[in-house]
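One structure below.
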Amino acid sequence: MPFVEIEDVGTKARRKLTPHRRLQVWEKTGGICVLCSRKIEGGRERWIAEHIRALELGGADNLDNMGPAHEACAFVKTQDDHRRAAKAKREKIQYIGADGAKRPLPFGRHSPWKRKVSGQIVPR
Ligand SMILES: [Zn+2]
């Protein structure tokens, strides 16, 4: 298809996280969680290499944007990131005018007609 260029919108490719890179992430803060600033007990607590600015919010997939975080801390942050990314997408959809059905649902909120509970149809 000549008119369609395939490109990634809004997400960035994730580099593979090798044990060596995980060590680099760990050493960056010396094992301090980037989210709650408490020490991570590396051998006993589960931790992940967290993207400080989420990839879906435009963060880079490199060491500068990463740090170790408790799995529990990261879970909360990830939920918030998803919420914010979804909101940003909704706002962009509205901003570029990609939203809205071309024809309103019959008797829906955007229809010029409304149907009362009695079944009577009246102009809005
Ligand atoms: Zn933490």
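Residue names in the structure tokens use chain letters A, B, ... in the order shown, residue numbers from 1 in each chain, and ligand numbers from 1 in the order shown.
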
Practice task
Within stretch 5-118 of chain A, find each residue whose DSSP state, derived from the backbone, is helix (DSSP H, G or I), and express the selection as a PyMOL selection string.
Solution key: chain A and resi 19-29+55-57+63-65+71-95

Deliver the residues from the most recent selection as a file, using C-alpha atoms, as a compact mmCIF listing (two decimals), in the first residue's frame.
# COMPACT_ATOMS: atom_id res chain seq x y z
CA PRO A 19 20.85 -9.22 33.65
CA HIS A 20 23.76 -6.88 32.89
CA ARG A 21 21.41 -3.98 32.19
CA ARG A 22 19.39 -4.82 35.29
CA LEU A 23 22.62 -4.51 37.26
CA GLN A 24 23.27 -1.09 35.69
CA VAL A 25 19.78 0.02 36.64
CA TRP A 26 20.35 -1.22 40.18
CA GLU A 27 23.72 0.50 40.50
CA LYS A 28 22.27 3.81 39.36
CA THR A 29 20.63 4.36 42.73
CA LEU A 55 7.25 4.75 27.60
CA GLU A 56 3.61 5.34 26.75
CA LEU A 57 3.97 8.91 27.99
CA LEU A 63 19.32 4.12 31.50
CA ASP A 64 18.74 7.83 32.19
CA ASN A 65 15.03 7.13 32.40
CA GLU A 71 7.22 -4.38 42.27
CA ALA A 72 4.40 -3.14 44.48
CA CYS A 73 5.42 0.52 44.04
CA ALA A 74 5.69 0.07 40.29
CA PHE A 75 2.24 -1.49 40.08
CA VAL A 76 0.63 1.63 41.52
CA LYS A 77 2.65 3.91 39.24
CA THR A 78 1.84 1.84 36.16
CA GLN A 79 -1.87 2.11 36.85
CA ASP A 80 -1.56 5.89 37.13
CA ASP A 81 0.55 6.03 33.95
CA HIS A 82 -2.10 4.07 32.04
CA ARG A 83 -4.77 6.43 33.33
CA ARG A 84 -2.79 9.48 32.23
CA ALA A 85 -1.90 7.99 28.84
CA ALA A 86 -5.55 7.14 28.18
CA LYS A 87 -6.55 10.70 29.09
CA ALA A 88 -3.88 12.16 26.80
CA LYS A 89 -5.14 9.99 23.95
CA ARG A 90 -8.74 11.08 24.52
CA GLU A 91 -7.66 14.72 24.53
CA LYS A 92 -5.66 14.30 21.34
CA ILE A 93 -8.56 12.55 19.61
CA GLN A 94 -10.75 15.50 20.46
CA TYR A 95 -8.09 18.07 19.57

Practice task
Produce as a ChimeraX atom specification the set of residues near ligand 1, where near means within 7 Å with only C-alpha atoms and all ligand atoms considered.
Solution key: /A:33-38,69-70,72-73

Could those residues be written to a file, using N, CA and C atoms, as an mmCIF file, in the first residue's frame?
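New file again24.cif:
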data_model
loop_
_atom_site.group_PDB
_atom_site.id
_atom_site.type_symbol
_atom_site.label_atom_id
_atom_site.label_comp_id
_atom_site.auth_asym_id
_atom_site.auth_seq_id
_atom_site.Cartn_x
_atom_site.Cartn_y
_atom_site.Cartn_z
ATOM 1 N N CYS A 33 14.755 2.339 45.881
ATOM 2 C CA CYS A 33 13.557 2.391 45.043
ATOM 3 C C CYS A 33 13.344 3.822 44.559
ATOM 4 N N VAL A 34 13.165 4.002 43.236
ATOM 5 C CA VAL A 34 12.992 5.357 42.697
ATOM 6 C C VAL A 34 11.599 5.921 42.995
ATOM 7 N N LEU A 35 10.717 5.071 43.480
ATOM 8 C CA LEU A 35 9.346 5.540 43.715
ATOM 9 C C LEU A 35 9.091 5.858 45.186
ATOM 10 N N CYS A 36 9.626 5.048 46.107
ATOM 11 C CA CYS A 36 9.362 5.315 47.521
ATOM 12 C C CYS A 36 10.639 5.672 48.280
ATOM 13 N N SER A 37 11.787 5.671 47.598
ATOM 14 C CA SER A 37 13.074 6.070 48.177
ATOM 15 C C SER A 37 13.531 5.201 49.343
ATOM 16 N N ARG A 38 12.969 4.008 49.475
ATOM 17 C CA ARG A 38 13.449 3.094 50.500
ATOM 18 C C ARG A 38 14.352 2.048 49.866
ATOM 19 N N ALA A 69 12.775 -0.311 41.216
ATOM 20 C CA ALA A 69 11.592 -0.007 42.015
ATOM 21 C C ALA A 69 10.999 -1.295 42.547
ATOM 22 N N HIS A 70 10.436 -1.226 43.757
ATOM 23 C CA HIS A 70 9.692 -2.368 44.272
ATOM 24 C C HIS A 70 8.581 -2.716 43.278
ATOM 25 N N ALA A 72 5.664 -3.694 43.982
ATOM 26 C CA ALA A 72 4.402 -3.135 44.484
ATOM 27 C C ALA A 72 4.305 -1.643 44.172
ATOM 28 N N CYS A 73 5.409 -0.916 44.346
ATOM 29 C CA CYS A 73 5.416 0.518 44.044
ATOM 30 C C CYS A 73 5.150 0.744 42.561
#

Problem - DSSP-assigned strand (DSSP E) members of chain A, reported as a PyMOL selection string - result: chain A and resi 47-51+66-70+113-115+121-123

Handout entry: Atom-to-atom span, atom CA of A:Arg15 and atom CA of A:Asp61, Å
Key =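 Going from atom CA of A:Arg15 over to atom CA of A:Asp61 covers 6.9 Å.
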
Practice task
Would you mind telling me which residue in A:Pro68, A:Gly58, A:Arg115, A:Lys16 lies nearest to A:Ile40 when using only C-alpha atoms?
Solution key: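 Distance minimum relative to A:Ile40 lands on A:Pro68.
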
Problem - Length of the atom CA of A:Gly43 to atom CA of A:Thr18 vector [Å] - result: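 Computing the Euclidean distance for atom CA of A:Gly43 and atom CA of A:Thr18 yields 17.3 Å.
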
Practice task
Can you work out the spacing between atom CA of A:Asp99 and atom CA of A:Arg53 in Å, to one decimal?
Solution key: 27.5 Å

Exercise for the section: Would you mind telling me which residue in A:Lys116, A:Pro123, A:Met66, A:His110 lies nearest to A:Ala49 when using only C-alpha atoms? Expected result: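 The closest residue to A:Ala49 is A:Met66.
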